[in-house]
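Asker: Contents of protein04.cif (mmCIF, C-alpha atoms, pLDDT in the B column; chains and numbers go by the auth columns) are below:
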```cif
data_coords
loop_
_atom_site.group_PDB
_atom_site.id
_atom_site.type_symbol
_atom_site.label_atom_id
_atom_site.label_comp_id
_atom_site.label_asym_id
_atom_site.label_seq_id
_atom_site.Cartn_x
_atom_site.Cartn_y
_atom_site.Cartn_z
_atom_site.B_iso_or_equiv
_atom_site.auth_seq_id
_atom_site.auth_asym_id
ATOM 1 C CA MET A 1 0.000 0.000 0.000 53.00 1 A
ATOM 2 C CA ALA A 2 2.778 2.479 0.852 56.00 2 A
ATOM 3 C CA LYS A 3 4.681 1.754 -2.361 60.00 3 A
ATOM 4 C CA GLU A 4 1.661 2.969 -4.329 64.00 4 A
ATOM 5 C CA ARG A 5 2.193 6.399 -2.735 67.00 5 A
ATOM 6 C CA LEU A 6 5.827 6.682 -3.831 68.00 6 A
ATOM 7 C CA GLU A 7 6.986 8.238 -7.082 71.00 7 A
ATOM 8 C CA ARG A 8 9.248 6.373 -9.476 76.00 8 A
ATOM 9 C CA GLY A 9 12.739 6.185 -7.984 74.00 9 A
ATOM 10 C CA ASP A 10 11.493 7.002 -4.462 79.00 10 A
ATOM 11 C CA GLU A 11 12.254 4.279 -1.918 84.00 11 A
ATOM 12 C CA VAL A 12 11.508 3.685 1.746 86.00 12 A
ATOM 13 C CA GLN A 13 14.663 4.417 3.727 90.00 13 A
ATOM 14 C CA ARG A 14 13.398 4.060 7.322 93.00 14 A
ATOM 15 C CA SER A 15 10.384 2.454 8.982 93.00 15 A
ATOM 16 C CA TYR A 16 9.147 2.640 12.563 96.00 16 A
ATOM 17 C CA LEU A 17 6.283 0.717 14.169 97.00 17 A
ATOM 18 C CA GLY A 18 4.073 2.643 16.549 97.00 18 A
ATOM 19 C CA LYS A 19 0.956 4.770 16.818 97.00 19 A
ATOM 20 C CA LEU A 20 0.200 7.951 14.921 97.00 20 A
ATOM 21 C CA ASP A 21 -2.680 9.847 16.488 96.00 21 A
ATOM 22 C CA ASN A 22 -3.640 6.625 18.371 96.00 22 A
ATOM 23 C CA LYS A 23 -3.733 4.481 15.218 96.00 23 A
ATOM 24 C CA TYR A 24 -1.324 1.529 15.068 96.00 24 A
ATOM 25 C CA GLY A 25 0.877 1.003 12.041 95.00 25 A
ATOM 26 C CA ALA A 26 4.178 1.976 10.464 95.00 26 A
ATOM 27 C CA LEU A 27 5.736 5.376 9.885 95.00 27 A
ATOM 28 C CA LEU A 28 7.799 5.193 6.705 93.00 28 A
ATOM 29 C CA GLY A 29 10.420 7.719 5.664 91.00 29 A
ATOM 30 C CA SER A 30 11.225 7.634 1.955 91.00 30 A
ATOM 31 C CA ASN A 31 13.608 9.762 -0.086 90.00 31 A
ATOM 32 C CA SER A 32 10.924 12.452 -0.420 91.00 32 A
ATOM 33 C CA LYS A 33 8.106 12.028 2.114 91.00 33 A
ATOM 34 C CA LEU A 34 6.632 10.573 5.279 93.00 34 A
ATOM 35 C CA VAL A 35 3.878 7.992 4.956 92.00 35 A
ATOM 36 C CA PHE A 36 1.992 6.394 7.825 95.00 36 A
ATOM 37 C CA VAL A 37 0.139 3.169 7.062 92.00 37 A
ATOM 38 C CA GLU A 38 -2.443 2.079 9.632 94.00 38 A
ATOM 39 C CA GLU A 39 -2.765 -1.655 10.236 92.00 39 A
ATOM 40 C CA LYS A 40 -6.138 -3.035 11.384 91.00 40 A
ATOM 41 C CA GLY A 41 -7.382 -6.500 12.182 88.00 41 A
ATOM 42 C CA PHE A 42 -6.035 -9.633 13.755 83.00 42 A
ATOM 43 C CA LEU A 43 -6.625 -12.585 11.446 87.00 43 A
ATOM 44 C CA SER A 44 -7.669 -10.561 8.448 89.00 44 A
ATOM 45 C CA LYS A 45 -5.440 -7.504 8.157 87.00 45 A
ATOM 46 C CA SER A 46 -6.325 -4.325 6.336 88.00 46 A
ATOM 47 C CA TYR A 47 -4.174 -1.273 5.668 87.00 47 A
ATOM 48 C CA ASN A 48 -5.020 2.388 5.273 90.00 48 A
ATOM 49 C CA VAL A 49 -2.737 5.340 4.527 90.00 49 A
ATOM 50 C CA ILE A 50 -3.323 7.924 7.259 92.00 50 A
ATOM 51 C CA LEU A 51 -0.501 10.358 6.445 92.00 51 A
ATOM 52 C CA ASP A 52 1.191 11.150 3.130 93.00 52 A
ATOM 53 C CA LEU A 53 3.330 14.228 3.728 94.00 53 A
ATOM 54 C CA PRO A 54 6.170 15.458 1.469 93.00 54 A
ATOM 55 C CA TYR A 55 9.146 16.722 3.451 93.00 55 A
ATOM 56 C CA GLU A 56 8.640 20.268 2.190 93.00 56 A
ATOM 57 C CA GLY A 57 5.202 20.107 3.849 94.00 57 A
ATOM 58 C CA ILE A 58 6.745 19.564 7.291 95.00 58 A
ATOM 59 C CA ARG A 59 7.311 22.645 9.441 94.00 59 A
ATOM 60 C CA GLU A 60 9.027 20.756 12.267 94.00 60 A
ATOM 61 C CA CYS A 61 9.536 17.471 14.080 94.00 61 A
ATOM 62 C CA THR A 62 9.951 17.710 17.826 95.00 62 A
ATOM 63 C CA PRO A 63 10.474 15.034 20.476 97.00 63 A
ATOM 64 C CA VAL A 64 7.802 15.666 23.132 95.00 64 A
ATOM 65 C CA ASP A 65 9.069 13.073 25.571 96.00 65 A
ATOM 66 C CA ARG A 66 11.185 9.948 25.466 97.00 66 A
ATOM 67 C CA TYR A 67 8.863 7.979 23.157 97.00 67 A
ATOM 68 C CA LYS A 68 6.650 10.637 21.554 97.00 68 A
ATOM 69 C CA LEU A 69 7.440 12.698 18.455 97.00 69 A
ATOM 70 C CA ARG A 70 5.264 15.606 17.288 97.00 70 A
ATOM 71 C CA ILE A 71 5.149 16.292 13.547 96.00 71 A
ATOM 72 C CA THR A 72 3.812 19.721 12.574 96.00 72 A
ATOM 73 C CA ASP A 73 2.882 20.413 8.973 95.00 73 A
ATOM 74 C CA GLN A 74 3.172 23.767 7.184 93.00 74 A
ATOM 75 C CA GLU A 75 -0.511 24.518 7.833 93.00 75 A
ATOM 76 C CA GLY A 76 -0.136 24.015 11.601 92.00 76 A
ATOM 77 C CA GLY A 77 -1.675 20.529 11.760 94.00 77 A
ATOM 78 C CA GLN A 78 -0.042 18.297 14.335 96.00 78 A
ATOM 79 C CA HIS A 79 0.423 14.533 14.515 96.00 79 A
ATOM 80 C CA GLU A 80 1.871 12.607 17.439 97.00 80 A
ATOM 81 C CA PHE A 81 3.854 9.453 16.802 97.00 81 A
ATOM 82 C CA VAL A 82 4.508 7.138 19.759 97.00 82 A
ATOM 83 C CA SER A 83 6.958 4.255 19.453 96.00 83 A
ATOM 84 C CA ASP A 84 9.032 1.921 21.616 96.00 84 A
ATOM 85 C CA LEU A 85 12.106 3.622 20.167 95.00 85 A
ATOM 86 C CA ASN A 86 13.591 6.818 21.518 96.00 86 A
ATOM 87 C CA ALA A 87 11.838 9.804 19.892 96.00 87 A
ATOM 88 C CA SER A 88 15.129 11.694 19.561 96.00 88 A
ATOM 89 C CA THR A 89 16.590 8.841 17.511 95.00 89 A
ATOM 90 C CA ILE A 90 13.584 8.846 15.164 95.00 90 A
ATOM 91 C CA ASP A 91 13.705 12.660 14.968 96.00 91 A
ATOM 92 C CA ASP A 92 17.407 12.639 14.018 95.00 92 A
ATOM 93 C CA SER A 93 16.798 9.978 11.385 94.00 93 A
ATOM 94 C CA LEU A 94 13.868 11.867 9.825 94.00 94 A
ATOM 95 C CA LYS A 95 15.821 15.130 9.828 93.00 95 A
ATOM 96 C CA ASP A 96 18.676 13.370 8.011 93.00 96 A
ATOM 97 C CA LEU A 97 16.190 12.165 5.369 92.00 97 A
ATOM 98 C CA MET A 98 14.694 15.657 5.016 91.00 98 A
ATOM 99 C CA LYS A 99 18.150 17.213 4.679 92.00 99 A
ATOM 100 C CA ALA A 100 19.163 14.670 2.034 90.00 100 A
ATOM 101 C CA ALA A 101 15.903 15.273 0.143 87.00 101 A
ATOM 102 C CA SER A 102 16.378 19.042 0.109 85.00 102 A
ATOM 103 C CA SER A 103 19.983 18.805 -1.093 83.00 103 A
ATOM 104 C CA ALA A 104 19.024 16.329 -3.832 70.00 104 A
ATOM 105 C CA LYS A 105 16.564 18.735 -5.470 58.00 105 A
ATOM 106 C CA PRO A 106 17.872 19.971 -8.821 50.00 106 A
ATOM 107 C CA LEU A 107 18.682 23.646 -8.893 44.00 107 A
ATOM 108 C CA GLU A 108 16.775 25.789 -11.337 47.00 108 A
ATOM 109 C CA ALA A 109 18.816 26.359 -14.450 42.00 109 A
ATOM 110 C CA GLU A 110 19.930 29.916 -14.915 44.00 110 A
ATOM 111 C CA LYS A 111 18.295 31.606 -17.830 45.00 111 A
ATOM 112 C CA GLU A 112 20.688 32.181 -20.711 48.00 112 A
ATOM 113 C CA PRO A 113 20.642 35.661 -22.187 49.00 113 A
ATOM 114 C CA ASP A 114 18.870 36.029 -25.499 51.00 114 A
ATOM 115 C CA ILE A 115 21.362 36.316 -28.331 51.00 115 A
ATOM 116 C CA LEU A 116 20.089 37.971 -31.514 47.00 116 A
#
```
Could you write out this file's structure as structure tokens?
Answerer:
Amino acid sequence: MAKERLERGDEVQRSYLGKLDNKYGALLGSNSKLVFVEEKGFLSKSYNVILDLPYEGIRECTPVDRYKLRITDQEGGQHEFVSDLNASTIDDSLKDLMKAASSAKPLEAEKEPDIL
């Protein structure tokens, strides 16, 4: 389900199990975005994409406590991700992905002067 949300050449780099806004699933960090896929069911599993957020749409990621990370989007919406892993570790990892994504963007080509 998450792979359907990725562009050609985009790949999942990190994944973390936990709860986003009290929904259990996996937070995936790709080359260009965060995706959270909710997992429901016990014997018969179903999956639903809850969050699909390009890195440029993220205002900030902030560890709230040892296991809770707050993700704030550019419009002020907030999501809380709780995991068994240290929130600072997840935060550092996501910031590394965001930094790599922003440096990988092609620069706009300078306009050549018109020659007549």
Asker: Hey, which of A:Lys33, A:Arg66, A:Lys23, A:Gln74 ends up closest to Asn48 in chain A? Count only C-alpha atoms.
Answerer: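 The answer is A:Lys23, which sits nearest to Asn48 in chain A.
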Asker: With only C-alpha atoms as the basis for distance, which of A:Ala26, A:Leu51, A:Leu94, A:Ala87 is at the shortest distance from Asp73 in chain A?
Answerer: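 Closest residue, counting only C-alpha atoms: A:Leu51.
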Asker: Going by the chain IDs and residue numbers used in this file, which residues fall under the PyMOL selection byres ((chain A and resi 100) around 12)? Write them as a list in words.
Answerer: Gln13, Gly29, Ser30, Asn31, Ser32, Lys33, Tyr55, Glu56, Ser93, Leu94, Lys95, Asp96, Leu97, Met98, Lys99, Ala101, Ser102, Ser103, Ala104 and Lys105 of chain A
Asker: For the residues selected in the previous step, produce a file with C-alpha atoms as a PDB file, in the coordinates of the input.
Answerer:
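Here's the written file out39.pdb:
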```pdb
ATOM      1  CA  GLN A  13      14.663   4.417   3.727  1.00 90.00           C
ATOM      2  CA  GLY A  29      10.420   7.719   5.664  1.00 91.00           C
ATOM      3  CA  SER A  30      11.225   7.634   1.955  1.00 91.00           C
ATOM      4  CA  ASN A  31      13.608   9.762  -0.086  1.00 90.00           C
ATOM      5  CA  SER A  32      10.924  12.452  -0.420  1.00 91.00           C
ATOM      6  CA  LYS A  33       8.106  12.028   2.114  1.00 91.00           C
ATOM      7  CA  TYR A  55       9.146  16.722   3.451  1.00 93.00           C
ATOM      8  CA  GLU A  56       8.640  20.268   2.190  1.00 93.00           C
ATOM      9  CA  SER A  93      16.798   9.978  11.385  1.00 94.00           C
ATOM     10  CA  LEU A  94      13.868  11.867   9.825  1.00 94.00           C
ATOM     11  CA  LYS A  95      15.821  15.130   9.828  1.00 93.00           C
ATOM     12  CA  ASP A  96      18.676  13.370   8.011  1.00 93.00           C
ATOM     13  CA  LEU A  97      16.190  12.165   5.369  1.00 92.00           C
ATOM     14  CA  MET A  98      14.694  15.657   5.016  1.00 91.00           C
ATOM     15  CA  LYS A  99      18.150  17.213   4.679  1.00 92.00           C
ATOM     16  CA  ALA A 101      15.903  15.273   0.143  1.00 87.00           C
ATOM     17  CA  SER A 102      16.378  19.042   0.109  1.00 85.00           C
ATOM     18  CA  SER A 103      19.983  18.805  -1.093  1.00 83.00           C
ATOM     19  CA  ALA A 104      19.024  16.329  -3.832  1.00 70.00           C
ATOM     20  CA  LYS A 105      16.564  18.735  -5.470  1.00 58.00           C
TER      21      LYS A 105
END
```
Asker: What is the CA of Ile90 in chain A to CA of Glu75 in chain A distance in Å?
Answerer: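 So the two atoms, CA of Ile90 in chain A and CA of Glu75 in chain A, lie 22.3 Å apart.
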Asker: Applied to the shown file, which residues does the PyMOL selection byres ((chain A and resi 35) around 6) return, written as an NGL selection string?
Answerer: :A and (27-28 or 34 or 36 or 51-52)
Asker: Kindly save the residues from that selection, with C-alpha atoms included, as a CSV table (one decimal), in the frame of the given file.
Answerer:
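Writing done, so here's out.csv:
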```
chain,number,residue,atom,x,y,z
A,27,LEU,CA,5.7,5.4,9.9
A,28,LEU,CA,7.8,5.2,6.7
A,34,LEU,CA,6.6,10.6,5.3
A,36,PHE,CA,2.0,6.4,7.8
A,51,LEU,CA,-0.5,10.4,6.4
A,52,ASP,CA,1.2,11.2,3.1
```
Asker: Running the PyMOL selection byres ((chain A and resi 68) around 6) on this model by hand, what would come out? Give it as a list in words.
Answerer: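 Selection result, ordered by chain and number: Pro63, Val64, Asp65, Tyr67, Leu69, Phe81, Val82 and Ala87 of chain A.
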Asker: Rounded to one decimal, what separation in Å do you get between CA of Asn86 in chain A and CA of Asp10 in chain A?
Answerer: 26.1 Å
Asker: Do you have the CA of Gly9 in chain A-CA of Cys61 in chain A distance handy?
Answerer: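 Distance between the two atoms: 25.0 Å.
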Asker: Taking into account all atoms listed in the file, which residue in the set A:Thr89, A:Gly76, A:Ile50, A:Phe42 is nearest to Asp21 in chain A?
Answerer: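 Of the candidates, the smallest distance to Asp21 in chain A is held by A:Ile50.
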Asker: Which is closest to His79 in chain A among A:Glu7, A:Val49, A:Glu60, A:Tyr16, if we use all atoms listed in the file?
Answerer: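 Among the listed residues, the smallest separation from His79 in chain A belongs to A:Glu60.
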Asker: Taking (-1.9, -6.9, 13.0) in the file's own coordinates, collect the residues within 12 Å, counting only C-alpha atoms, and hand them back as an MDAnalysis selection string.
Answerer: chainID A and resid 17:18 23:26 37:47
